[in-house]
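Peer 1: I have a structure I would like to understand better, so I am pasting it below and will then ask my questions one at a time.
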Amino acid sequence: MKSEEMCWREICFVPCLSQGNEKLLVQRETRFLSSFPYGYSLHPRKCTEFNKRKSPLVTTRKRPTTLTTFMSSSTIQESAKQTEDKTWLQSILDCRESTANHEDTAVLNSLHREAEEELKTRLRIPGRKDELWRFTNLRNLFLTRFQTSSHRVDNQLLESLFEKDVQSQRVVLVDGVFDPFLSNISNIPDRIFIGSVTELDVERQRWIYELTKKGETGIQETNIFGAINLASFRDITIVWIPQDVSLQDYIHLCCYSSNCLNSSFYGISHPRIVVVVEGGSHVKILQHHFGASGGYLDNFATSISIGDSATLEYYIVNECPKDALWLGSLNAQLEQYCTFQFRFLSSGSKVGRLTMTTDLVGRESNTSLHGLAIANEERTLDFHSFVDHRVPSCHSEQLQRNLVADRSQCVFRGLVKIRREAPHTCAHQLCRSMLLSNRAQTKTMPMLEIANDEVECSHGATVSEIEEDELFYLLSRGIPEWDARVLLVRSFSLELLKEFPFPSIVARMESLIAQVVNNSKEEKVIEADTVEEGQWDWTT
């Protein structure tokens, strides 16, 4: 056969310059007499060099070192996923709005640019193969496209959820920006500062910017959403408590998120909050998240700094609507002899996750982390915590309770790390879960990482249903079955609910518990020893 003639079904390949692999260019069924300058075709046994006169196809002047006839399916899927991730990330970054008029815009712009560069080059969107995210279902998040929020406030909803039964000062954030007109802080002492970071002097602004880059609220490979917040926030809301101040009133941070004017898209907000409690002070703060129905992403970041011998009682409540997405990052830094009491309540949003880091950097500091998750319908509620004991003689105690019904899922992953430099540490961790449905799931991972022998530590987890003996006891006392179930489930949650000094929030949670028990239906369980071949329905 002459060199000008191509064989039947001859295949021509050229190198793919973008990936360094070879790519199929053309495949023809008929014989044709064409020439290719410096081109090569792939033959089962040999490569034939063609004549150098005519060129109907684009080829290369260099002979490819290797020829790959096809890309593997895993490579194609990985390439497609990377493209989808970039598109999704760009849709979020495109929603960024102009920031407030900061006095030092250079520092703020460099903060945004640094986070954006890390997002586009180094950081990776998490998937099921990532250990810290494999149980968190983010499918609804990655299928969503975003546009700028409408910034419309439902005043009726705002008033209904504001805590009126306790004496408190209202601080309203609309889509992450402090709103002085909706807020009411007239009774705050003059020494206490609550407001936008733009109202601080340049030196304090720079200190705040450095604080926001620490821990989970900064740029971390394990938590890309903190970096997204860092690249997108419009303003920073500051709560600054000076030395030796004891505030009796609660500070109620109302984080309101609005939806998008276009119902085909989700709105998006990036609240960023910084709480500074200087030495010897005592303050109580409620961070309350809620918003309009219609769909939005609330991606918040909170940085906390507690000075020597200070006490902070901090409460976070998630009451977002069921079509919302709620992702939070929190970093707390504790100095010596201070006390940090953290309480967490989550019952809203389609997907809700809080990633929290507590750094004990001062001797004899104490922290207690208590959380309650109430999941019904098809929610995914997730709480990841990391307690880092860096110095001696510190105490940490963590208690988490999950109430799971219908087809919901609760995830708890708690890691307590005790370094070699932290002897005489006391750390305890316990997670208890109650399942009210055969379709409900819970993933519990309490962990200890100890590098010191002089410690007192414990960790554990339990998963249970409504105890039949306890239910029979109540029924034998004449209590109706539905009321008995509500009592048992309520008693499971009451230990943590009573730690929330907000009557209206507790009342709504108790009403939700009764609703969850009422809607949970007992499914007929087929015993394994009575199952016949073909009786299982694996599609349900």
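In the structure tokens, the first chain shown is A, the next is B, and so on; residue numbers restart at 1 for each chain, and ligands run from 1 in the order shown.
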So that I can check the surroundings of region 194-210 of chain A, please list as number ranges by chain every protein, DNA and RNA residue that reaches within 6 Å of it, counting only C-alpha atoms and ignoring chain neighbours fewer than 3 positions away.

Peer 2: A: 102, 213, 236-239

Peer 1: Include C-alpha atoms and write out the residues we just selected as an mmCIF file, in the first residue's frame.

Peer 2:
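Output file result-v8.cif follows:
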data_model
loop_
_atom_site.group_PDB
_atom_site.id
_atom_site.type_symbol
_atom_site.label_atom_id
_atom_site.label_comp_id
_atom_site.auth_asym_id
_atom_site.auth_seq_id
_atom_site.Cartn_x
_atom_site.Cartn_y
_atom_site.Cartn_z
ATOM 1 C CA HIS A 102 -14.316 51.792 54.883
ATOM 2 C CA LYS A 213 -8.496 35.286 59.246
ATOM 3 C CA ILE A 236 -18.428 43.277 59.727
ATOM 4 C CA THR A 237 -20.720 43.729 62.715
ATOM 5 C CA ILE A 238 -18.721 44.410 65.879
ATOM 6 C CA VAL A 239 -19.705 43.778 69.501
#

Peer 1: As a list of chain:residue names, please: all residues of region 96-251 of chain A that backbone DSSP puts in strand (DSSP E or B).

Peer 2: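 Those residues are A:Phe146, A:Ser168, A:Gln169, A:Arg170, A:Val171, A:Val172, A:Leu173, A:Val174, A:Val177, A:Phe178, A:Asn184, A:Phe193, A:Ile194, A:Gly195, A:Ser196, A:Gln220, A:Asn223, A:Ile236, A:Thr237, A:Ile238, A:Val239, A:Trp240, A:Ile241, A:Ser246, A:Leu247, A:Gln248, A:Asp249, A:Tyr250, A:Ile251.
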
Peer 1: Would you save the residues from that selection as a short mmCIF file (atom, residue, chain, number, x, y, z; two decimals), in the first residue's frame, using N, CA and C atoms?

Peer 2:
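Produced file again.cif, reproduced below:
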data_model
loop_
_atom_site.label_atom_id
_atom_site.label_comp_id
_atom_site.auth_asym_id
_atom_site.auth_seq_id
_atom_site.Cartn_x
_atom_site.Cartn_y
_atom_site.Cartn_z
N PHE A 146 -27.31 31.31 42.22
CA PHE A 146 -27.60 32.42 43.10
C PHE A 146 -27.61 33.74 42.34
N SER A 168 -33.56 42.74 76.53
CA SER A 168 -32.47 42.58 75.57
C SER A 168 -32.39 43.80 74.68
N GLN A 169 -31.25 43.92 74.02
CA GLN A 169 -30.99 44.98 73.06
C GLN A 169 -30.96 44.35 71.67
N ARG A 170 -31.73 44.93 70.75
CA ARG A 170 -31.88 44.34 69.42
C ARG A 170 -30.87 44.93 68.45
N VAL A 171 -30.12 44.03 67.81
CA VAL A 171 -29.18 44.41 66.77
C VAL A 171 -29.56 43.63 65.51
N VAL A 172 -29.96 44.32 64.45
CA VAL A 172 -30.49 43.68 63.24
C VAL A 172 -29.46 43.74 62.13
N LEU A 173 -29.22 42.58 61.53
CA LEU A 173 -28.38 42.48 60.36
C LEU A 173 -29.24 42.01 59.19
N VAL A 174 -29.31 42.79 58.12
CA VAL A 174 -30.09 42.44 56.93
C VAL A 174 -29.10 41.99 55.86
N VAL A 177 -25.51 42.91 56.78
CA VAL A 177 -25.12 44.30 56.98
C VAL A 177 -25.91 44.88 58.15
N PHE A 178 -25.21 45.52 59.06
CA PHE A 178 -25.83 46.13 60.24
C PHE A 178 -26.79 47.24 59.80
N ASN A 184 -32.21 48.55 67.92
CA ASN A 184 -32.57 49.36 69.09
C ASN A 184 -31.55 49.10 70.18
N PHE A 193 -19.35 49.16 72.45
CA PHE A 193 -19.52 49.52 71.04
C PHE A 193 -20.24 48.39 70.31
N ILE A 194 -21.33 48.71 69.64
CA ILE A 194 -22.05 47.79 68.77
C ILE A 194 -22.33 48.51 67.46
N GLY A 195 -21.87 47.97 66.37
CA GLY A 195 -22.09 48.62 65.09
C GLY A 195 -21.19 48.07 64.02
N SER A 196 -21.05 48.85 62.95
CA SER A 196 -20.25 48.44 61.81
C SER A 196 -18.77 48.69 62.08
N GLN A 220 -9.19 28.06 55.22
CA GLN A 220 -8.86 26.71 55.65
C GLN A 220 -9.19 25.74 54.53
N ASN A 223 -12.49 23.85 55.21
CA ASN A 223 -13.76 24.58 55.27
C ASN A 223 -13.72 25.72 54.27
N ILE A 236 -18.69 44.05 58.51
CA ILE A 236 -18.43 43.28 59.73
C ILE A 236 -19.16 43.96 60.88
N THR A 237 -20.01 43.22 61.55
CA THR A 237 -20.72 43.73 62.72
C THR A 237 -19.89 43.45 63.97
N ILE A 238 -19.61 44.50 64.73
CA ILE A 238 -18.72 44.41 65.88
C ILE A 238 -19.52 44.54 67.17
N VAL A 239 -19.23 43.65 68.11
CA VAL A 239 -19.71 43.78 69.50
C VAL A 239 -18.45 43.81 70.37
N TRP A 240 -18.14 45.00 70.87
CA TRP A 240 -16.89 45.20 71.62
C TRP A 240 -17.23 45.58 73.06
N ILE A 241 -16.89 44.68 73.99
CA ILE A 241 -17.15 44.90 75.41
C ILE A 241 -15.83 45.26 76.09
N SER A 246 -20.13 44.52 83.18
CA SER A 246 -21.10 43.44 83.36
C SER A 246 -22.45 43.93 82.83
N LEU A 247 -22.88 43.36 81.72
CA LEU A 247 -24.12 43.78 81.06
C LEU A 247 -25.22 42.80 81.42
N GLN A 248 -26.28 43.31 82.06
CA GLN A 248 -27.38 42.45 82.47
C GLN A 248 -28.28 42.09 81.30
N ASP A 249 -28.48 42.99 80.36
CA ASP A 249 -29.35 42.73 79.21
C ASP A 249 -28.67 41.78 78.23
N TYR A 250 -29.50 41.01 77.55
CA TYR A 250 -29.01 40.19 76.46
C TYR A 250 -28.84 41.06 75.21
N ILE A 251 -27.84 40.73 74.43
CA ILE A 251 -27.66 41.35 73.11
C ILE A 251 -28.21 40.37 72.08
#

Peer 1: Skip Leu334 (chain A) itself and residues of its chain fewer than 6 positions away, then list as an mmCIF file with all heavy atoms, in the first residue's frame all residues within 9 Å of it, counting only C-alpha atoms.

Peer 2:
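Result written to part09.cif:
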data_model
loop_
_atom_site.group_PDB
_atom_site.id
_atom_site.type_symbol
_atom_site.label_atom_id
_atom_site.label_comp_id
_atom_site.auth_asym_id
_atom_site.auth_seq_id
_atom_site.Cartn_x
_atom_site.Cartn_y
_atom_site.Cartn_z
ATOM 1 N N ILE A 304 -14.731 35.112 67.847
ATOM 2 C CA ILE A 304 -14.912 35.476 69.251
ATOM 3 C C ILE A 304 -13.547 35.518 69.921
ATOM 4 O O ILE A 304 -12.742 34.585 69.772
ATOM 5 C CB ILE A 304 -15.844 34.485 69.973
ATOM 6 C CG1 ILE A 304 -17.238 34.501 69.330
ATOM 7 C CG2 ILE A 304 -15.944 34.805 71.448
ATOM 8 C CD1 ILE A 304 -18.181 33.454 69.895
ATOM 9 N N SER A 305 -13.306 36.589 70.672
ATOM 10 C CA SER A 305 -12.083 36.719 71.464
ATOM 11 C C SER A 305 -12.486 37.047 72.899
ATOM 12 O O SER A 305 -13.164 38.051 73.142
ATOM 13 C CB SER A 305 -11.184 37.818 70.895
ATOM 14 O OG SER A 305 -10.048 38.011 71.701
ATOM 15 N N ILE A 306 -12.072 36.207 73.860
ATOM 16 C CA ILE A 306 -12.446 36.366 75.264
ATOM 17 C C ILE A 306 -11.171 36.613 76.062
ATOM 18 O O ILE A 306 -10.239 35.801 76.044
ATOM 19 C CB ILE A 306 -13.186 35.123 75.796
ATOM 20 C CG1 ILE A 306 -14.350 34.761 74.862
ATOM 21 C CG2 ILE A 306 -13.696 35.358 77.202
ATOM 22 C CD1 ILE A 306 -15.076 33.493 75.246
ATOM 23 N N GLY A 307 -11.132 37.733 76.753
ATOM 24 C CA GLY A 307 -9.955 38.130 77.501
ATOM 25 C C GLY A 307 -9.823 37.446 78.842
ATOM 26 O O GLY A 307 -10.643 36.598 79.237
ATOM 27 N N ASP A 308 -8.806 37.823 79.598
ATOM 28 C CA ASP A 308 -8.506 37.214 80.897
ATOM 29 C C ASP A 308 -9.661 37.422 81.873
ATOM 30 O O ASP A 308 -10.201 38.530 82.004
ATOM 31 C CB ASP A 308 -7.230 37.824 81.485
ATOM 32 C CG ASP A 308 -6.021 37.580 80.609
ATOM 33 O OD1 ASP A 308 -6.117 36.739 79.699
ATOM 34 O OD2 ASP A 308 -4.979 38.236 80.831
ATOM 35 N N PHE A 340 -16.307 30.270 78.826
ATOM 36 C CA PHE A 340 -17.076 30.360 77.587
ATOM 37 C C PHE A 340 -18.180 29.314 77.627
ATOM 38 O O PHE A 340 -17.922 28.115 77.585
ATOM 39 C CB PHE A 340 -16.163 30.136 76.382
ATOM 40 C CG PHE A 340 -16.875 30.179 75.053
ATOM 41 C CD1 PHE A 340 -17.804 31.177 74.767
ATOM 42 C CD2 PHE A 340 -16.611 29.221 74.081
ATOM 43 C CE1 PHE A 340 -18.453 31.215 73.540
ATOM 44 C CE2 PHE A 340 -17.238 29.258 72.849
ATOM 45 C CZ PHE A 340 -18.166 30.258 72.579
ATOM 46 N N THR A 358 -12.675 25.836 68.956
ATOM 47 C CA THR A 358 -12.445 26.498 70.239
ATOM 48 C C THR A 358 -10.994 26.308 70.627
ATOM 49 O O THR A 358 -10.540 25.176 70.865
ATOM 50 C CB THR A 358 -13.367 25.911 71.333
ATOM 51 O OG1 THR A 358 -14.727 25.959 70.894
ATOM 52 C CG2 THR A 358 -13.224 26.696 72.623
ATOM 53 N N ASP A 359 -10.256 27.413 70.683
ATOM 54 C CA ASP A 359 -8.833 27.380 71.032
ATOM 55 C C ASP A 359 -8.651 27.856 72.470
ATOM 56 O O ASP A 359 -8.942 29.017 72.785
ATOM 57 C CB ASP A 359 -8.021 28.277 70.089
ATOM 58 C CG ASP A 359 -7.998 27.738 68.675
ATOM 59 O OD1 ASP A 359 -8.054 26.507 68.522
ATOM 60 O OD2 ASP A 359 -7.939 28.544 67.724
ATOM 61 N N LEU A 360 -8.183 26.959 73.327
ATOM 62 C CA LEU A 360 -7.886 27.314 74.716
ATOM 63 C C LEU A 360 -6.408 27.646 74.803
ATOM 64 O O LEU A 360 -5.556 26.750 74.902
ATOM 65 C CB LEU A 360 -8.256 26.171 75.659
ATOM 66 C CG LEU A 360 -9.761 25.882 75.813
ATOM 67 C CD1 LEU A 360 -10.252 24.928 74.737
ATOM 68 C CD2 LEU A 360 -10.083 25.320 77.185
ATOM 69 N N VAL A 361 -6.104 28.946 74.734
ATOM 70 C CA VAL A 361 -4.713 29.405 74.687
ATOM 71 C C VAL A 361 -4.266 30.000 76.010
ATOM 72 O O VAL A 361 -3.096 30.385 76.137
ATOM 73 C CB VAL A 361 -4.539 30.437 73.552
ATOM 74 C CG1 VAL A 361 -4.831 29.801 72.208
ATOM 75 C CG2 VAL A 361 -5.431 31.648 73.770
ATOM 76 N N GLY A 362 -5.171 30.075 76.996
ATOM 77 C CA GLY A 362 -4.822 30.600 78.306
ATOM 78 C C GLY A 362 -5.041 29.569 79.395
ATOM 79 O O GLY A 362 -5.967 28.756 79.334
ATOM 80 N N SER A 365 -8.631 28.030 81.619
ATOM 81 C CA SER A 365 -9.852 28.490 80.948
ATOM 82 C C SER A 365 -10.845 27.337 80.869
ATOM 83 O O SER A 365 -10.458 26.158 80.850
ATOM 84 C CB SER A 365 -9.537 29.028 79.554
ATOM 85 O OG SER A 365 -8.856 28.054 78.784
ATOM 86 N N ASN A 366 -12.128 27.680 80.832
ATOM 87 C CA ASN A 366 -13.191 26.681 80.876
ATOM 88 C C ASN A 366 -14.179 26.940 79.745
ATOM 89 O O ASN A 366 -14.518 28.093 79.454
ATOM 90 C CB ASN A 366 -13.938 26.733 82.216
ATOM 91 C CG ASN A 366 -13.043 26.400 83.382
ATOM 92 O OD1 ASN A 366 -12.788 25.242 83.681
ATOM 93 N ND2 ASN A 366 -12.542 27.434 84.059
ATOM 94 N N THR A 367 -14.657 25.862 79.146
ATOM 95 C CA THR A 367 -15.669 25.980 78.109
ATOM 96 C C THR A 367 -16.649 24.816 78.213
ATOM 97 O O THR A 367 -16.265 23.686 78.537
ATOM 98 C CB THR A 367 -15.035 25.995 76.712
ATOM 99 O OG1 THR A 367 -16.066 26.101 75.723
ATOM 100 C CG2 THR A 367 -14.237 24.735 76.445
#

Peer 1: Take CA of His288 (chain A) and CA of Ile92 (chain A) and report the distance between them in Å, one decimal.

Peer 2: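 Value for the CA of His288 (chain A)-CA of Ile92 (chain A) distance: 23.6 Å.
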
Peer 1: Quick one: residues within 12 Å of Glu364 (chain A), only C-alpha atoms, excluding same-chain residues fewer than 2 positions away - as a PyMOL selection string?

Peer 2: chain A and resi 308-309+334-340+360-362+366-367+389-396+422-426

Peer 1: Give me, as number ranges by chain, all polymer residues having an atom no more than 7 Å from region 430-432 of chain A, counting only C-alpha atoms and skipping those fewer than 2 positions away in the same chain.

Peer 2: A: 398-402, 428, 434, 459-463

Peer 1: Interatomic distance between CA of Pro271 (chain A) and CA of Leu111 (chain A)?

Peer 2: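 So the two atoms, CA of Pro271 (chain A) and CA of Leu111 (chain A), lie 15.7 Å apart.
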
Peer 1: Please extract the residues of region 179-403 of chain A with a backbone DSSP assignment of alpha helix (DSSP H) and present them as a list in words.

Peer 2: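 Secondary structure check on region 179-403 of chain A, alpha helix (DSSP H): Val202, Glu203, Arg204, Gln205, Arg206, Trp207, Ile208, Tyr209, Glu210, Leu211, Thr212, Ile224, Phe225, Gly226, Ala227, Ile228, Asn229, Leu230, Ala231 and Ser232 of chain A.
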
Peer 1: Would you write out those residues with C-alpha atoms, as a PDB file, in the first residue's frame?

Peer 2:
ATOM      1  CA  VAL A 202      -7.997  52.394  61.564  1.00  0.00           C
ATOM      2  CA  GLU A 203      -5.878  50.582  64.154  1.00  0.00           C
ATOM      3  CA  ARG A 204      -8.821  48.596  65.502  1.00  0.00           C
ATOM      4  CA  GLN A 205      -9.994  47.854  61.980  1.00  0.00           C
ATOM      5  CA  ARG A 206      -6.664  46.265  61.141  1.00  0.00           C
ATOM      6  CA  TRP A 207      -6.790  44.199  64.359  1.00  0.00           C
ATOM      7  CA  ILE A 208     -10.311  43.015  63.444  1.00  0.00           C
ATOM      8  CA  TYR A 209      -9.179  42.000  59.960  1.00  0.00           C
ATOM      9  CA  GLU A 210      -6.373  39.894  61.408  1.00  0.00           C
ATOM     10  CA  LEU A 211      -8.770  38.224  63.834  1.00  0.00           C
ATOM     11  CA  THR A 212     -11.192  37.289  61.051  1.00  0.00           C
ATOM     12  CA  ILE A 224     -14.084  26.440  51.993  1.00  0.00           C
ATOM     13  CA  PHE A 225     -17.207  28.295  53.119  1.00  0.00           C
ATOM     14  CA  GLY A 226     -15.258  30.397  55.599  1.00  0.00           C
ATOM     15  CA  ALA A 227     -13.063  31.554  52.703  1.00  0.00           C
ATOM     16  CA  ILE A 228     -16.154  32.265  50.573  1.00  0.00           C
ATOM     17  CA  ASN A 229     -17.468  34.469  53.359  1.00  0.00           C
ATOM     18  CA  LEU A 230     -14.077  36.172  53.644  1.00  0.00           C
ATOM     19  CA  ALA A 231     -14.102  36.954  49.928  1.00  0.00           C
ATOM     20  CA  SER A 232     -17.720  38.132  49.811  1.00  0.00           C
TER      21      SER A 232
END

Peer 1: Would you kindly return, as a ChimeraX atom specification, each protein, DNA or RNA residue with an atom no farther than 8 Å from any atom of Val153 (chain A), considering only C-alpha atoms and excluding same-chain residues fewer than 5 positions away?

Peer 2: /A:158,174,256,258,292

Peer 1: Suppose we keep all heavy atoms; can you now write the selection as a PDB file, in the first residue's frame?

Peer 2:
ATOM      1  N   LEU A 158     -40.000  39.798  61.600  1.00  0.00           N
ATOM      2  CA  LEU A 158     -38.942  40.280  62.488  1.00  0.00           C
ATOM      3  C   LEU A 158     -39.471  40.528  63.892  1.00  0.00           C
ATOM      4  O   LEU A 158     -38.848  40.144  64.889  1.00  0.00           O
ATOM      5  CB  LEU A 158     -38.327  41.549  61.905  1.00  0.00           C
ATOM      6  CG  LEU A 158     -37.125  42.142  62.642  1.00  0.00           C
ATOM      7  CD1 LEU A 158     -35.951  41.191  62.631  1.00  0.00           C
ATOM      8  CD2 LEU A 158     -36.729  43.479  62.025  1.00  0.00           C
ATOM      9  N   VAL A 174     -29.315  42.790  58.123  1.00  0.00           N
ATOM     10  CA  VAL A 174     -30.087  42.437  56.932  1.00  0.00           C
ATOM     11  C   VAL A 174     -29.104  41.990  55.860  1.00  0.00           C
ATOM     12  O   VAL A 174     -28.300  42.795  55.380  1.00  0.00           O
ATOM     13  CB  VAL A 174     -30.944  43.611  56.445  1.00  0.00           C
ATOM     14  CG1 VAL A 174     -31.710  43.231  55.175  1.00  0.00           C
ATOM     15  CG2 VAL A 174     -31.916  44.050  57.532  1.00  0.00           C
ATOM     16  N   TYR A 256     -31.097  38.444  59.700  1.00  0.00           N
ATOM     17  CA  TYR A 256     -32.217  38.252  58.772  1.00  0.00           C
ATOM     18  C   TYR A 256     -31.665  38.138  57.351  1.00  0.00           C
ATOM     19  O   TYR A 256     -30.861  38.960  56.911  1.00  0.00           O
ATOM     20  CB  TYR A 256     -33.191  39.431  58.853  1.00  0.00           C
ATOM     21  CG  TYR A 256     -34.388  39.317  57.942  1.00  0.00           C
ATOM     22  CD1 TYR A 256     -35.557  38.710  58.381  1.00  0.00           C
ATOM     23  CD2 TYR A 256     -34.352  39.816  56.649  1.00  0.00           C
ATOM     24  CE1 TYR A 256     -36.651  38.597  57.548  1.00  0.00           C
ATOM     25  CE2 TYR A 256     -35.438  39.704  55.804  1.00  0.00           C
ATOM     26  CZ  TYR A 256     -36.589  39.094  56.266  1.00  0.00           C
ATOM     27  OH  TYR A 256     -37.678  38.984  55.428  1.00  0.00           O
ATOM     28  N   SER A 258     -32.822  37.698  53.229  1.00  0.00           N
ATOM     29  CA  SER A 258     -33.928  37.849  52.288  1.00  0.00           C
ATOM     30  C   SER A 258     -33.729  36.924  51.099  1.00  0.00           C
ATOM     31  O   SER A 258     -32.618  36.438  50.835  1.00  0.00           O
ATOM     32  CB  SER A 258     -34.030  39.305  51.819  1.00  0.00           C
ATOM     33  OG  SER A 258     -32.860  39.694  51.127  1.00  0.00           O
ATOM     34  N   ALA A 292     -36.759  35.145  55.170  1.00  0.00           N
ATOM     35  CA  ALA A 292     -37.955  35.015  54.350  1.00  0.00           C
ATOM     36  C   ALA A 292     -37.966  33.661  53.644  1.00  0.00           C
ATOM     37  O   ALA A 292     -36.922  33.064  53.378  1.00  0.00           O
ATOM     38  CB  ALA A 292     -38.013  36.147  53.325  1.00  0.00           C
TER      39      ALA A 292
END

Peer 1: Would you mind listing, for every residue of region 161-217 of chain A within 7 Å of region 498-511 of chain A, the two atoms forming the shortest contact and the distance between them in Å to one decimal, using only C-alpha atoms, sorted by chain and ascending residue number, as a Markdown table?

Peer 2:
| residue | atom | partner | partner_atom | distance |
| --- | --- | --- | --- | --- |
| A:Glu163 | CA | A:Ser504 | CA | 6.7 |
| A:Asp165 | CA | A:Pro503 | CA | 6.5 |
| A:Val166 | CA | A:Phe502 | CA | 6.7 |

Peer 1: Those selected residues, please, written with C-alpha atoms and delivered as a PDB file, in the first residue's frame.

Peer 2:
ATOM      1  CA  GLU A 163     -37.410  37.908  72.004  1.00  0.00           C
ATOM      2  CA  ASP A 165     -39.920  38.071  77.227  1.00  0.00           C
ATOM      3  CA  VAL A 166     -36.393  38.933  78.325  1.00  0.00           C
TER       4      VAL A 166
END

Peer 1: Taking only C-alpha atoms into account, which of A:Ser464, A:Ser493, A:Ser408, A:Ser347 comes nearest Ser520 (chain A)?

Peer 2: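 That would be A:Ser408, the residue with the smallest distance to Ser520 (chain A).
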
Peer 1: For a test of reading the model, state the distance in Å between CA of Glu118 (chain A) and CA of His270 (chain A), rounded to one decimal.

Peer 2: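 Result for CA of Glu118 (chain A) versus CA of His270 (chain A): 17.8 Å, one decimal.
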
Peer 1: Which residues, written as a list in words, have at least one atom at most 10 Å from Asn318 (chain A), with only C-alpha atoms counted and residues fewer than 5 positions away on the same chain left out?

Peer 2: Cys255, Gln287, His288, His289, Phe290, Trp326, Phe344, Leu345, Ser346, Ser347, Gly348, Ser349, Gly352, Arg353, Leu354 and Ala373 of chain A

Peer 1: Counting only C-alpha atoms, what are the residues of region 348-426 of chain A within 10 Å of region 126-145 of chain A, and for each of them which pair of atoms is the nearest and at what distance in Å, to one decimal? Sort the table by chain and rising number, as JSON lines.

Peer 2:
{"residue": "A:Lys350", "atom": "CA", "partner": "A:Asn140", "partner_atom": "CA", "distance": 8.5}
{"residue": "A:Val351", "atom": "CA", "partner": "A:Leu138", "partner_atom": "CA", "distance": 7.5}
{"residue": "A:Gly352", "atom": "CA", "partner": "A:Thr136", "partner_atom": "CA", "distance": 9.1}
{"residue": "A:Arg353", "atom": "CA", "partner": "A:Thr136", "partner_atom": "CA", "distance": 8.2}
{"residue": "A:Arg379", "atom": "CA", "partner": "A:Asn137", "partner_atom": "CA", "distance": 9.5}
{"residue": "A:Thr380", "atom": "CA", "partner": "A:Asn137", "partner_atom": "CA", "distance": 7.0}
{"residue": "A:Leu381", "atom": "CA", "partner": "A:Thr136", "partner_atom": "CA", "distance": 8.2}
{"residue": "A:Asp382", "atom": "CA", "partner": "A:Thr136", "partner_atom": "CA", "distance": 7.0}
{"residue": "A:Phe383", "atom": "CA", "partner": "A:Thr136", "partner_atom": "CA", "distance": 9.9}
{"residue": "A:His384", "atom": "CA", "partner": "A:Leu132", "partner_atom": "CA", "distance": 8.4}
{"residue": "A:Gln409", "atom": "CA", "partner": "A:Thr136", "partner_atom": "CA", "distance": 8.9}
{"residue": "A:Cys410", "atom": "CA", "partner": "A:Thr136", "partner_atom": "CA", "distance": 8.9}
{"residue": "A:Val411", "atom": "CA", "partner": "A:Phe135", "partner_atom": "CA", "distance": 7.0}
{"residue": "A:Phe412", "atom": "CA", "partner": "A:Phe135", "partner_atom": "CA", "distance": 9.6}
{"residue": "A:Arg413", "atom": "CA", "partner": "A:Leu132", "partner_atom": "CA", "distance": 8.4}

Peer 1: Which is closer to Ala427 (chain A) than all the others in A:Ala115, A:Leu286, A:Ala484, A:Ile450, using only C-alpha atoms?

Peer 2: A:Ile450
